[in-house]
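Source file work-v4.cif; content: mmCIF, C-alpha atoms and all ligand atoms.
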data_target
#
loop_
_atom_site.label_atom_id
_atom_site.label_comp_id
_atom_site.auth_asym_id
_atom_site.auth_seq_id
_atom_site.Cartn_x
_atom_site.Cartn_y
_atom_site.Cartn_z
CA MET M 1 -108.54 -27.40 18.44
CA ASN M 2 -107.93 -23.80 19.47
CA ARG M 3 -105.47 -21.48 17.75
CA THR M 4 -102.64 -21.96 20.27
CA ALA M 5 -102.93 -25.74 20.07
CA ARG M 6 -102.91 -25.58 16.28
CA ILE M 7 -99.74 -23.49 16.25
CA LEU M 8 -98.12 -25.81 18.79
CA LEU M 9 -99.01 -28.85 16.67
CA LEU M 10 -97.63 -27.15 13.59
CA VAL M 11 -94.35 -26.41 15.37
CA VAL M 12 -94.09 -30.01 16.58
CA LEU M 13 -94.91 -31.40 13.13
CA THR M 14 -92.40 -29.08 11.49
CA ALA M 15 -89.71 -30.18 13.93
CA VAL M 16 -90.52 -33.85 13.32
CA CYS M 17 -90.43 -33.36 9.55
CA ARG M 18 -87.12 -31.55 9.66
CA GLN M 19 -85.69 -34.22 11.90
CA GLY M 20 -86.99 -36.92 9.52
CA ALA M 21 -85.56 -35.19 6.45
CA ARG M 22 -82.22 -34.68 8.15
CA CYS M 23 -82.08 -38.32 9.27
CA ALA M 24 -83.00 -39.61 5.81
CA GLY M 25 -80.48 -37.31 4.16
CA ALA M 26 -77.72 -38.18 6.63
CA ASP M 27 -78.43 -41.88 6.24
CA PHE M 28 -78.27 -41.55 2.48
CA ALA M 29 -75.05 -39.51 2.49
CA GLU M 30 -73.35 -41.98 4.80
CA ARG M 31 -74.06 -44.93 2.52
CA PHE M 32 -74.27 -43.47 -0.97
CA THR M 33 -72.71 -40.87 -3.21
CA ASP M 34 -74.87 -38.49 -5.22
CA SER M 35 -74.63 -40.64 -8.32
CA THR M 36 -76.55 -43.41 -10.06
CA LEU M 37 -75.37 -46.98 -10.38
CA ARG M 38 -76.97 -48.98 -13.14
CA ILE M 39 -76.83 -52.72 -13.68
CA ASP M 40 -77.73 -54.22 -17.04
CA TYR M 41 -78.57 -57.89 -16.99
CA VAL M 42 -80.07 -60.65 -19.12
CA LEU M 43 -82.93 -62.93 -18.12
CA THR M 44 -82.95 -66.35 -19.75
CA GLY M 45 -85.14 -69.40 -19.35
CA ARG M 46 -87.96 -71.54 -20.61
CA ALA M 47 -91.67 -70.94 -20.25
CA ASP M 48 -92.77 -74.56 -20.69
CA SER M 49 -90.79 -75.66 -17.62
CA VAL M 50 -90.78 -72.25 -15.84
CA GLN M 51 -87.03 -71.94 -15.53
CA ALA M 52 -85.19 -68.66 -15.25
CA ALA M 53 -81.75 -67.22 -14.56
CA ALA M 54 -80.26 -63.74 -14.52
CA ALA M 55 -76.73 -62.84 -15.64
CA LEU M 56 -74.86 -59.56 -15.38
CA ARG M 57 -73.91 -57.76 -18.58
CA ALA M 58 -72.52 -54.41 -17.41
CA VAL M 59 -72.34 -51.92 -14.56
CA GLN M 60 -72.41 -48.19 -15.23
CA CYS M 61 -72.23 -45.04 -13.18
CA SER M 62 -73.53 -41.55 -13.91
CA PRO M 63 -73.57 -38.26 -11.97
CA GLY M 64 -76.61 -37.42 -9.83
CA TRP M 65 -79.14 -39.61 -8.04
CA TYR M 66 -82.72 -38.80 -8.97
CA GLY M 67 -84.60 -41.33 -6.84
CA ARG M 68 -85.77 -41.36 -3.25
CA ARG M 69 -83.42 -40.57 -0.36
CA GLY M 70 -85.68 -41.66 2.47
CA ALA M 71 -87.19 -45.05 3.35
CA LEU M 72 -84.42 -46.68 1.36
CA THR M 73 -85.23 -50.23 2.44
CA ASP M 74 -89.04 -50.04 2.36
CA SER M 75 -91.57 -50.46 -0.42
CA PRO M 76 -95.34 -49.91 -0.65
CA VAL M 77 -95.67 -52.86 -3.08
CA GLU M 78 -94.06 -56.28 -3.42
CA GLY M 79 -93.66 -56.44 -7.21
CA GLN M 80 -92.89 -59.61 -9.15
CA SER M 81 -89.22 -59.17 -8.28
CA THR M 82 -87.05 -57.37 -5.79
CA LEU M 83 -83.67 -55.70 -6.05
CA THR M 84 -81.85 -55.67 -2.71
CA LEU M 85 -78.56 -53.89 -2.19
CA THR M 86 -76.60 -55.09 0.85
CA ASP M 87 -73.45 -53.66 2.41
CA ASP M 88 -70.63 -56.24 2.39
CA ALA M 89 -69.07 -55.09 5.65
CA THR M 90 -72.21 -55.07 7.78
CA GLY M 91 -74.58 -57.30 5.82
CA ASP M 92 -77.20 -54.57 6.17
CA THR M 93 -79.77 -54.03 3.47
CA ILE M 94 -79.21 -50.48 2.26
CA TYR M 95 -81.61 -50.17 -0.69
CA THR M 96 -84.55 -52.08 -2.12
CA LEU M 97 -86.60 -51.69 -5.28
CA PRO M 98 -89.62 -53.74 -6.40
CA PHE M 99 -89.92 -54.33 -10.12
CA SER M 100 -91.64 -56.51 -12.67
CA THR M 101 -90.44 -57.82 -16.01
CA LEU M 102 -91.95 -58.83 -19.33
CA PHE M 103 -89.91 -62.01 -19.01
CA GLN M 104 -91.94 -63.14 -15.98
CA GLU M 105 -95.16 -62.42 -17.86
CA TRP M 106 -93.84 -64.57 -20.68
CA LEU M 107 -93.08 -67.44 -18.28
CA ALA M 108 -96.75 -67.44 -17.26
CA THR M 109 -97.81 -67.99 -20.88
CA GLY M 110 -96.35 -71.52 -20.91
CA ASP M 111 -94.92 -70.84 -24.36
CA THR M 112 -93.20 -73.92 -25.83
CA VAL M 113 -90.91 -72.20 -28.33
CA GLY M 114 -87.84 -73.00 -26.24
CA PRO M 115 -85.42 -70.87 -24.24
CA ARG M 116 -85.51 -67.11 -24.66
CA ALA M 117 -83.58 -64.12 -23.34
CA MET M 118 -84.66 -60.58 -22.49
CA GLU M 119 -82.84 -57.44 -21.37
CA GLY M 120 -83.23 -55.84 -17.97
CA SER M 121 -81.84 -52.72 -16.28
CA LEU M 122 -82.04 -51.43 -12.73
CA LEU M 123 -81.05 -48.09 -11.22
CA MET M 124 -79.87 -47.58 -7.66
CA PRO M 125 -77.84 -44.99 -5.75
CA ARG M 126 -74.11 -45.69 -5.93
CA PRO M 127 -72.90 -47.22 -2.66
CA ARG M 128 -69.76 -45.82 -1.01
CA ARG M 129 -68.54 -49.27 0.04
CA LYS M 130 -68.47 -52.73 -1.48
CA ALA M 131 -71.94 -54.19 -1.77
CA HIS M 132 -73.98 -56.94 -3.42
CA ALA M 133 -76.91 -56.32 -5.71
CA ARG M 134 -79.31 -59.23 -5.32
CA LEU M 135 -82.17 -60.01 -7.66
CA HIS M 136 -85.03 -62.14 -6.39
CA LEU M 137 -87.46 -63.19 -9.11
CA ARG M 138 -90.77 -64.80 -8.22
CA ASP M 139 -93.29 -66.77 -10.26
CA ASN M 140 -97.01 -66.04 -10.52
CA ARG M 141 -97.60 -67.89 -7.25
CA ARG M 142 -95.09 -65.60 -5.54
CA ARG M 143 -92.63 -68.51 -5.13
CA THR M 144 -88.93 -68.07 -5.75
CA LEU M 145 -88.14 -68.48 -9.42
CA ALA M 146 -84.51 -67.37 -9.50
CA ARG M 147 -81.94 -65.48 -7.50
CA ALA M 148 -78.87 -63.69 -8.78
CA ASP M 149 -76.08 -62.09 -6.81
CA PHE M 150 -73.90 -59.40 -8.38
CA PRO M 151 -70.90 -58.05 -6.41
CA ILE M 152 -70.49 -54.27 -6.67
CA ASP M 153 -67.09 -52.71 -5.97
CA PRO M 154 -67.42 -48.92 -6.26
CA ALA M 155 -63.66 -48.70 -6.99
CA ASP M 156 -63.86 -51.17 -9.91
CA VAL M 157 -62.27 -49.49 -12.94
CA LEU M 158 -64.61 -51.44 -15.20
CA ILE M 159 -67.66 -49.60 -13.94
CA ALA M 160 -68.27 -47.60 -17.07
CA ALA M 161 -69.12 -43.91 -17.00
CA ALA M 162 -72.49 -43.33 -18.67
CA PRO M 163 -72.52 -40.78 -21.50
CA LEU M 164 -72.26 -37.25 -20.17
CA PRO M 165 -75.41 -35.13 -20.52
CA SER M 166 -73.70 -33.09 -23.24
CA ASP M 167 -73.56 -36.23 -25.39
CA ALA M 168 -77.25 -36.87 -24.96
CA ALA M 169 -80.29 -35.60 -26.79
CA PRO M 170 -81.76 -32.22 -25.71
CA ARG M 171 -83.94 -32.19 -22.59
CA HIS M 172 -87.18 -30.22 -22.39
CA ARG M 173 -88.81 -29.54 -19.04
CA LEU M 174 -92.53 -30.02 -19.62
CA PHE M 175 -93.76 -29.58 -16.08
CA GLU M 176 -92.03 -28.57 -12.87
CA GLY M 177 -93.82 -29.12 -9.59
CA ASP M 178 -93.30 -26.36 -7.05
CA SER M 179 -93.04 -28.60 -3.99
CA THR M 180 -90.05 -28.05 -1.76
CA SER M 181 -90.05 -31.73 -0.79
CA SER M 182 -86.86 -33.43 -1.83
CA PRO M 183 -86.43 -35.32 -4.07
CA LYS M 184 -89.27 -34.85 -6.52
CA ILE M 185 -90.50 -37.68 -8.70
CA ARG M 186 -88.80 -37.23 -12.06
CA VAL M 187 -90.60 -38.78 -15.00
CA ALA M 188 -89.05 -38.97 -18.48
CA LEU M 189 -91.10 -38.76 -21.66
CA LEU M 190 -89.21 -40.70 -24.35
CA PRO M 191 -89.97 -40.75 -28.09
CA GLU M 192 -90.31 -44.03 -29.95
CA GLY M 193 -90.47 -43.96 -33.74
CA TYR M 194 -90.26 -40.16 -34.12
CA THR M 195 -87.66 -38.92 -36.61
CA ARG M 196 -85.58 -35.80 -36.02
CA ALA M 197 -88.07 -33.89 -38.19
CA GLU M 198 -90.93 -35.08 -35.93
CA MET M 199 -89.55 -33.79 -32.61
CA ASP M 200 -92.08 -30.95 -32.41
CA LEU M 201 -94.84 -33.51 -32.85
CA PHE M 202 -93.29 -35.59 -30.06
CA LEU M 203 -93.14 -32.61 -27.69
CA GLU M 204 -96.77 -31.85 -28.43
CA ASP M 205 -97.69 -35.49 -27.70
CA ALA M 206 -95.57 -35.43 -24.54
CA ARG M 207 -97.45 -32.37 -23.26
CA ARG M 208 -100.75 -34.15 -23.90
CA ALA M 209 -99.44 -37.14 -21.93
CA VAL M 210 -98.54 -34.96 -18.95
CA ASP M 211 -101.92 -33.20 -19.12
CA ALA M 212 -103.70 -36.57 -19.14
CA ILE M 213 -101.84 -37.86 -16.09
CA LEU M 214 -102.19 -34.64 -14.12
CA SER M 215 -105.94 -34.52 -14.84
CA HIS M 216 -106.42 -37.73 -12.81
CA GLU M 217 -106.52 -37.93 -9.02
CA PRO M 218 -104.41 -38.26 -7.01
CA PHE M 219 -101.84 -37.01 -9.54
CA ALA M 220 -103.83 -33.77 -9.95
CA SER M 221 -103.75 -32.70 -6.31
CA MET M 222 -100.14 -33.95 -5.82
CA ALA M 223 -98.74 -32.53 -9.07
CA ASP M 224 -96.35 -30.29 -7.13
CA ARG M 225 -94.29 -33.42 -6.31
CA PHE M 226 -93.55 -34.24 -9.97
CA ASP M 227 -91.18 -33.10 -12.69
CA PHE M 228 -91.86 -34.25 -16.25
CA ILE M 229 -88.92 -34.06 -18.66
CA ALA M 230 -88.96 -34.89 -22.37
CA LEU M 231 -85.83 -36.19 -24.09
CA ALA M 232 -85.74 -35.35 -27.80
CA ALA M 233 -84.05 -38.60 -28.90
CA PRO M 234 -84.93 -39.41 -32.52
CA SER M 235 -85.43 -42.70 -34.33
CA VAL M 236 -84.03 -43.15 -37.82
CA ARG M 237 -87.44 -44.10 -39.22
CA SER M 238 -90.96 -42.96 -38.42
CA GLY M 239 -93.41 -45.30 -36.69
CA VAL M 240 -93.19 -48.60 -34.81
CA SER M 241 -93.60 -52.25 -35.82
CA VAL M 242 -97.15 -53.61 -36.22
CA PRO M 243 -96.73 -57.37 -36.86
CA ALA M 244 -100.48 -57.96 -37.42
CA GLN M 245 -100.17 -55.68 -40.46
CA GLY M 246 -96.87 -57.24 -41.59
CA LEU M 247 -95.15 -53.98 -40.73
CA TRP M 248 -91.68 -54.07 -39.20
CA THR M 249 -89.43 -51.06 -38.79
CA ASP M 250 -86.27 -50.05 -36.95
CA SER M 251 -87.39 -47.77 -34.14
CA ARG M 252 -85.25 -46.53 -31.26
CA TYR M 253 -86.44 -49.09 -28.69
CA GLY M 254 -87.56 -51.79 -31.15
CA SER M 255 -91.21 -51.55 -30.01
CA HIS M 256 -93.83 -53.81 -31.54
CA PHE M 257 -97.44 -54.76 -31.02
CA SER M 258 -98.66 -58.39 -30.79
CA THR M 259 -96.51 -59.17 -27.73
CA PHE M 260 -97.36 -62.78 -26.80
CA TYR M 261 -99.66 -62.68 -29.89
CA SER M 262 -101.95 -60.09 -28.27
CA ASP M 263 -102.43 -57.51 -31.03
CA ARG M 264 -102.83 -54.56 -28.67
CA TYR M 265 -99.94 -55.45 -26.34
CA LEU M 266 -97.16 -53.02 -27.25
CA THR M 267 -93.75 -53.62 -25.65
CA ALA M 268 -90.14 -52.53 -26.22
CA PRO M 269 -87.35 -55.16 -26.16
CA ARG M 270 -84.40 -52.71 -26.10
CA VAL M 271 -84.55 -52.12 -22.37
CA TRP M 272 -80.86 -51.13 -22.12
CA ARG M 273 -81.37 -48.37 -24.64
CA ILE M 274 -84.45 -47.15 -22.80
CA CYS M 275 -82.32 -47.02 -19.67
CA ASP M 276 -79.62 -45.04 -21.55
CA ASP M 277 -82.23 -42.39 -22.27
CA LEU M 278 -83.80 -42.55 -18.82
CA VAL M 279 -80.41 -41.83 -17.27
CA ALA M 280 -79.67 -39.10 -19.85
CA ALA M 281 -82.94 -37.43 -18.85
CA GLY M 282 -81.98 -37.63 -15.15
CA CYS M 283 -85.16 -39.54 -14.34
CA GLN M 284 -86.38 -42.72 -12.61
CA HIS M 285 -89.66 -43.35 -14.41
CA ALA M 286 -90.01 -43.82 -18.17
CA ILE M 287 -93.07 -43.03 -20.28
CA ILE M 288 -92.48 -43.94 -23.92
CA LEU M 289 -94.71 -42.49 -26.59
CA ALA M 290 -94.99 -44.58 -29.75
CA ASN M 291 -95.54 -42.65 -32.97
CA THR M 292 -98.48 -44.72 -34.23
CA ASP M 293 -102.28 -44.63 -34.37
CA THR M 294 -102.62 -48.39 -33.81
CA TYR M 295 -104.40 -49.09 -30.51
CA GLY M 296 -102.34 -50.45 -27.67
CA GLY M 297 -99.86 -50.06 -24.88
CA GLY M 298 -98.10 -51.71 -21.98
CA GLY M 299 -96.88 -50.83 -18.50
CA ILE M 300 -94.47 -52.77 -16.26
CA LEU M 301 -93.62 -51.79 -12.68
CA ASN M 302 -90.44 -49.70 -12.50
CA MET M 303 -89.59 -50.52 -16.13
CA TYR M 304 -91.67 -48.37 -18.45
CA THR M 305 -95.03 -47.22 -19.69
CA LEU M 306 -95.40 -47.47 -23.47
CA THR M 307 -98.43 -46.13 -25.35
CA ALA M 308 -99.56 -45.40 -28.90
CA ALA M 309 -99.63 -41.61 -29.04
CA HIS M 310 -102.01 -41.08 -31.94
CA HIS M 311 -104.90 -43.37 -31.11
CA PRO M 312 -108.08 -41.52 -30.02
CA LYS M 313 -107.90 -43.30 -26.62
CA PHE M 314 -104.34 -42.12 -25.98
CA SER M 315 -105.21 -40.03 -22.92
CA GLN M 316 -107.03 -42.88 -21.18
CA VAL M 317 -104.52 -45.59 -22.10
CA ILE M 318 -101.44 -43.69 -21.01
CA VAL M 319 -102.88 -43.05 -17.55
CA HIS M 320 -103.90 -46.72 -17.28
CA GLU M 321 -100.42 -47.92 -18.24
CA PHE M 322 -98.77 -45.45 -15.87
CA GLY M 323 -100.92 -47.04 -13.14
CA HIS M 324 -99.04 -50.27 -13.87
CA SER M 325 -95.51 -48.91 -14.17
CA PHE M 326 -95.66 -46.28 -11.41
CA ALA M 327 -97.84 -47.86 -8.72
CA GLY M 328 -97.86 -51.59 -9.57
CA LEU M 329 -101.62 -51.66 -10.17
CA ALA M 330 -103.16 -54.75 -11.81
CA ASP M 331 -105.61 -54.82 -14.70
CA GLU M 332 -109.13 -54.90 -13.31
CA TYR M 333 -110.66 -56.07 -16.59
CA PHE M 334 -111.33 -59.69 -17.52
CA TYR M 335 -112.09 -61.76 -20.58
CA ASP M 336 -115.49 -63.37 -20.98
CA ASP M 337 -114.01 -66.17 -23.06
CA THR M 338 -113.44 -68.82 -20.42
CA ASP M 339 -111.91 -71.18 -23.00
CA ALA M 340 -108.87 -68.94 -23.06
CA LEU M 341 -108.35 -68.91 -19.30
CA ASP M 342 -105.46 -66.65 -18.50
CA GLU M 343 -102.86 -68.03 -16.07
CA THR M 344 -101.34 -64.70 -15.11
CA TYR M 345 -103.10 -64.78 -11.73
CA PRO M 346 -103.81 -68.31 -10.40
CA THR M 347 -106.88 -68.14 -8.14
CA ASP M 348 -105.12 -70.12 -5.39
CA THR M 349 -102.69 -67.26 -4.81
CA GLU M 350 -103.41 -63.80 -3.45
CA PRO M 351 -101.99 -61.32 -5.99
CA TRP M 352 -99.46 -58.82 -4.63
CA GLU M 353 -101.10 -55.97 -6.50
CA PRO M 354 -103.13 -53.67 -4.25
CA ASN M 355 -106.27 -53.53 -6.44
CA ILE M 356 -107.25 -57.16 -7.11
CA THR M 357 -107.82 -60.07 -4.75
CA ALA M 358 -108.44 -63.81 -4.87
CA ARG M 359 -110.54 -63.59 -1.70
CA GLY M 360 -114.21 -63.80 -2.52
CA GLU M 361 -115.42 -62.66 0.89
CA GLU M 362 -114.61 -59.89 3.29
CA PRO M 363 -112.35 -58.90 4.92
CA VAL M 364 -110.14 -58.14 1.91
CA LYS M 365 -107.03 -56.01 1.70
CA TRP M 366 -109.01 -52.85 0.90
CA GLN M 367 -111.52 -53.52 3.72
CA PRO M 368 -111.12 -50.05 5.34
CA LEU M 369 -112.32 -48.48 2.09
CA ILE M 370 -115.29 -50.90 1.93
CA ASP M 371 -116.17 -50.02 5.52
CA ALA M 372 -115.97 -46.35 4.59
CA GLY M 373 -118.36 -46.89 1.67
CA ALA M 374 -115.71 -45.98 -0.91
CA ALA M 375 -115.07 -49.44 -2.38
CA THR M 376 -116.78 -52.79 -2.87
CA LEU M 377 -115.98 -56.36 -3.95
CA VAL M 378 -116.92 -57.33 -7.51
CA GLU M 379 -116.09 -60.62 -9.21
CA GLY M 380 -114.07 -60.44 -12.44
CA ALA M 381 -110.55 -59.01 -12.54
CA GLY M 382 -107.01 -59.86 -13.61
CA TYR M 383 -108.24 -61.32 -16.96
CA ARG M 384 -110.50 -63.87 -15.20
CA PRO M 385 -114.30 -63.65 -15.13
CA ARG M 386 -114.41 -65.74 -11.95
CA GLY M 387 -112.24 -66.29 -8.89
CA LEU M 388 -110.63 -62.85 -8.87
CA TYR M 389 -112.21 -59.67 -7.54
CA ARG M 390 -111.87 -55.91 -8.05
CA PRO M 391 -112.73 -52.98 -5.79
CA ALA M 392 -115.20 -51.12 -8.04
CA HIS M 393 -117.52 -51.71 -10.96
CA ASP M 394 -115.38 -49.45 -13.10
CA CYS M 395 -111.97 -47.83 -12.81
CA ARG M 396 -109.22 -46.44 -15.07
CA MET M 397 -107.55 -49.83 -14.53
CA ARG M 398 -110.61 -51.57 -16.00
CA SER M 399 -111.88 -49.51 -18.92
CA ASN M 400 -111.30 -46.51 -21.13
CA THR M 401 -114.79 -45.23 -20.31
CA ALA M 402 -114.22 -44.93 -16.56
CA PRO M 403 -113.73 -41.28 -15.66
CA GLU M 404 -111.09 -41.90 -12.98
CA PHE M 405 -109.24 -44.40 -10.81
CA CYS M 406 -111.33 -46.20 -8.17
CA ALA M 407 -110.75 -45.36 -4.50
CA VAL M 408 -108.40 -48.33 -3.96
CA CYS M 409 -106.22 -47.39 -6.94
CA ARG M 410 -106.21 -43.73 -5.91
CA GLN M 411 -105.05 -44.73 -2.44
CA ALA M 412 -102.30 -46.99 -3.86
CA ILE M 413 -101.01 -44.22 -6.13
CA GLU M 414 -101.12 -41.70 -3.29
CA ARG M 415 -99.13 -44.08 -1.08
CA MET M 416 -96.51 -44.47 -3.80
CA ILE M 417 -96.22 -40.70 -4.29
CA LEU M 418 -95.85 -40.12 -0.53
CA PHE M 419 -93.31 -42.96 -0.30
CA LEU M 420 -91.14 -41.59 -3.10
CA THR M 421 -91.16 -38.03 -1.80
CA GLN M 422 -90.82 -38.46 1.96
ZN ZN M 501 -109.07 -49.44 -9.50
#
Encoding of this model in structure tokens:
Amino acid sequence: MNRTARILLLVVLTAVCRQGARCAGADFAERFTDSTLRIDYVLTGRADSVQAAAALRAVQCSPGWYGRRGALTDSPVEGQSTLTLTDDATGDTIYTLPFSTLFQEWLATGDTVGPRAMEGSLLMPRPRRKAHARLHLRDNRRRTLARADFPIDPADVLIAAAPLPSDAAPRHRLFEGDSTSSPKIRVALLPEGYTRAEMDLFLEDARRAVDAILSHEPFASMADRFDFIALAAPSVRSGVSVPAQGLWTDSRYGSHFSTFYSDRYLTAPRVWRICDDLVAAGCQHAIILANTDTYGGGGILNMYTLTAAHHPKFSQVIVHEFGHSFAGLADEYFYDDTDALDETYPTDTEPWEPNITARGEEPVKWQPLIDAGAATLVEGAGYRPRGLYRPAHDCRMRSNTAPEFCAVCRQAIERMILFLTQ
């Protein structure tokens, strides 16, 4: 391409981009105010009979919308569940968000302890007109598990105002990308089990977390699209609960290891409180650092990443878990113990996650990367030694010794970053 053609192409591309940004912005402004609507709900059900229902607990509103303003009804991944916001007057879908829940993971365990309940929270831009927020939960075969329909009236006096930023814990900007794309991806670093006297330690850990994420591609080369913000919100006591050691404590988000009796699975049941802090930080993505040296973590799509901050593998684990919560990536590792066959991914169902497949022969969903010599097809993934396949021998989503994400995971993360910042 000669110089004149290059300049012409640049002018055309610039015009297209500006047009796109203006259209997305105008579309957003017509349907939404610059504020965040939050719905808190409860999931209840039984794992032995795979029953589930969702019920509304509260609706809140807070100033500022910190999520995407373009491609409001699209998504690069399916997720276990979908939030759909529809306009009452037109019936149009005006916003969608894929998400996963710990509750759906629990359903797949077949636990026979009886009915249980778990908290959930979802953020969306506040609609100008009456709307319905619809939750569609699916099982591990991607079949409908439950639907819930919550009417949203923006004029409802019982929509509570979230605490004003002045009431919240101090915010610390850890990293500010210099991209002019709008909006940027705002990620909150939240402290779990750090006392007020340990806030400097938390900020140090939070900086290490950001460094770890931004040292991995494609985060490294797209860092200008991110803001990382730490919220200095203390717990009364130091540390988190470690049931395998008989240790229980009262931490901010109630985190504990041994989730579903897996000693290294660290999760946080106080989802509403996490969402309080996420909103106070003005962010959409939560990374929670647990003040413990016990090994473990967890990551759930559009809920949170949670990682032990003082284990030697912290840097690797936090990036792995962020792969789950940010991009919806699956675990590429598997267990050799076939007696304990994991039912998370039945082999008769193609997983929605971009980096594992139940297809044992090509073409598979990452075929273009196989054709380009950047990926392959290896048996063993999604906790199963057989019947599920991964795109590389090793990857950050498989092991702590892999140096980086595989090509398929890198592409999935890049797609998510581009989607959120278009
Ligand atoms: Zn991978």
Need to verify the contact set: range 398-403 of chain M, 9 Å, all atoms listed in the file, exclusion of same-chain residues closer than 3 positions in sequence. Can you return it as a PyMOL selection string? chain M and resi 216+313+316-317+320+331-334+381+393-395+406
How would the residues just picked look written out with C-alpha atoms as a PDB file, in the coordinates of the input?
ATOM      1  CA  HIS M 216    -106.420 -37.730 -12.810  1.00  0.00           C
ATOM      2  CA  LYS M 313    -107.900 -43.300 -26.620  1.00  0.00           C
ATOM      3  CA  GLN M 316    -107.030 -42.880 -21.180  1.00  0.00           C
ATOM      4  CA  VAL M 317    -104.520 -45.590 -22.100  1.00  0.00           C
ATOM      5  CA  HIS M 320    -103.900 -46.720 -17.280  1.00  0.00           C
ATOM      6  CA  ASP M 331    -105.610 -54.820 -14.700  1.00  0.00           C
ATOM      7  CA  GLU M 332    -109.130 -54.900 -13.310  1.00  0.00           C
ATOM      8  CA  TYR M 333    -110.660 -56.070 -16.590  1.00  0.00           C
ATOM      9  CA  PHE M 334    -111.330 -59.690 -17.520  1.00  0.00           C
ATOM     10  CA  ALA M 381    -110.550 -59.010 -12.540  1.00  0.00           C
ATOM     11  CA  HIS M 393    -117.520 -51.710 -10.960  1.00  0.00           C
ATOM     12  CA  ASP M 394    -115.380 -49.450 -13.100  1.00  0.00           C
ATOM     13  CA  CYS M 395    -111.970 -47.830 -12.810  1.00  0.00           C
ATOM     14  CA  CYS M 406    -111.330 -46.200  -8.170  1.00  0.00           C
TER      15      CYS M 406
END
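You can rank M:Ile318, M:Ala286, M:Ala330, M:Met222 by their closest distance to ligand ZN 501 (chain M) using all atoms listed in the file, and at the top of that list sits M:Ala330.
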Which residue, M:Tyr383, M:Phe202, M:Phe99, M:Trp248, has the smallest gap to Asp337 in chain M when you use only C-alpha atoms? M:Tyr383
Neighbour list for Thr347 in chain M as a ChimeraX atom specification, cut-off 7 Å, only C-alpha atoms, skip fewer than 2 positions in-chain: /M:345,349,358,387-388
Which polymer residues have any atom within 8 Å of an atom of Tyr41 in chain M, counting only C-alpha atoms, with same-chain residues fewer than 4 positions away left out, as a ChimeraX atom specification? /M:54-58,119-121
As a quick test: using all atoms listed in the file, which residues lie no more than 6 Å away from ligand ZN 501 (chain M)? Give them as a PDB file with C-alpha atoms, in the frame of the given file.
ATOM      1  CA  ASN M 355    -106.270 -53.530  -6.440  1.00  0.00           C
ATOM      2  CA  CYS M 395    -111.970 -47.830 -12.810  1.00  0.00           C
ATOM      3  CA  MET M 397    -107.550 -49.830 -14.530  1.00  0.00           C
ATOM      4  CA  PHE M 405    -109.240 -44.400 -10.810  1.00  0.00           C
ATOM      5  CA  CYS M 406    -111.330 -46.200  -8.170  1.00  0.00           C
ATOM      6  CA  VAL M 408    -108.400 -48.330  -3.960  1.00  0.00           C
ATOM      7  CA  CYS M 409    -106.220 -47.390  -6.940  1.00  0.00           C
TER       8      CYS M 409
END
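Separating CA of Asp74 in chain M from CA of Phe28 in chain M is a distance of 13.7 Å.
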Which of M:Thr93, M:Thr86, M:Ser100, M:Thr44 sits closest to Thr73 in chain M [using only C-alpha atoms]: M:Thr93
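The smallest atom-to-atom distance between Tyr389 in chain M and any of M:Ser235, M:Ser241, M:Thr376, M:Thr82, using all atoms listed in the file, is found for M:Thr376.
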For His136 in chain M, find every residue with an atom within 12 Å (counting only C-alpha atoms), except residues of its own chain fewer than 4 positions away, and show them as an MDAnalysis selection string. chainID M and resid 43 52:54 78:85 96:101 104 142:150
Selection: 6 Å around Asp87 in chain M, only C-alpha atoms, excl. self and same-chain fewer than 4 positions, as a PyMOL selection string: chain M and resi 91-92+131
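Proximity ranking of M:Val50, M:Leu122, M:Ala206, M:Ala233 relative to Glu192 in chain M places M:Ala233 first, based on all atoms listed in the file.
For the choices M:Leu301, M:Ala220, M:Ala268, M:Ala155, the atom-to-atom distance to Phe322 in chain M is smallest for M:Leu301 when using all atoms listed in the file.
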Figure out the distance between CA of Arg69 in chain M and CA of Ala280 in chain M, please, to one decimal in Å. 19.9 Å
What gap, in Å, lies between CA of Ser258 in chain M and CA of Ile287 in chain M? 19.4 Å
Model the absent atoms of range 149-155 of chain M so that N, CA and C atoms are present, and write the result as a tab-separated table (two decimals), in the frame of the given file.
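Generated output (out_8.tsv):
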chain	number	residue	atom	x	y	z
M	149	ASP	N	-76.87	-62.82	-7.80
M	149	ASP	CA	-76.08	-62.09	-6.81
M	149	ASP	C	-74.92	-61.42	-7.53
M	150	PHE	N	-74.94	-60.10	-7.63
M	150	PHE	CA	-73.90	-59.40	-8.38
M	150	PHE	C	-73.05	-58.55	-7.42
M	151	PRO	N	-71.75	-58.88	-7.27
M	151	PRO	CA	-70.90	-58.05	-6.41
M	151	PRO	C	-70.65	-56.68	-7.04
M	152	ILE	N	-70.71	-55.64	-6.21
M	152	ILE	CA	-70.49	-54.27	-6.67
M	152	ILE	C	-69.32	-53.68	-5.90
M	153	ASP	N	-68.23	-53.39	-6.59
M	153	ASP	CA	-67.09	-52.71	-5.97
M	153	ASP	C	-67.04	-51.29	-6.55
M	154	PRO	N	-67.35	-50.29	-5.73
M	154	PRO	CA	-67.42	-48.92	-6.26
M	154	PRO	C	-66.09	-48.46	-6.87
M	155	ALA	N	-64.97	-49.11	-6.46
M	155	ALA	CA	-63.66	-48.70	-6.99
M	155	ALA	C	-63.30	-49.46	-8.27
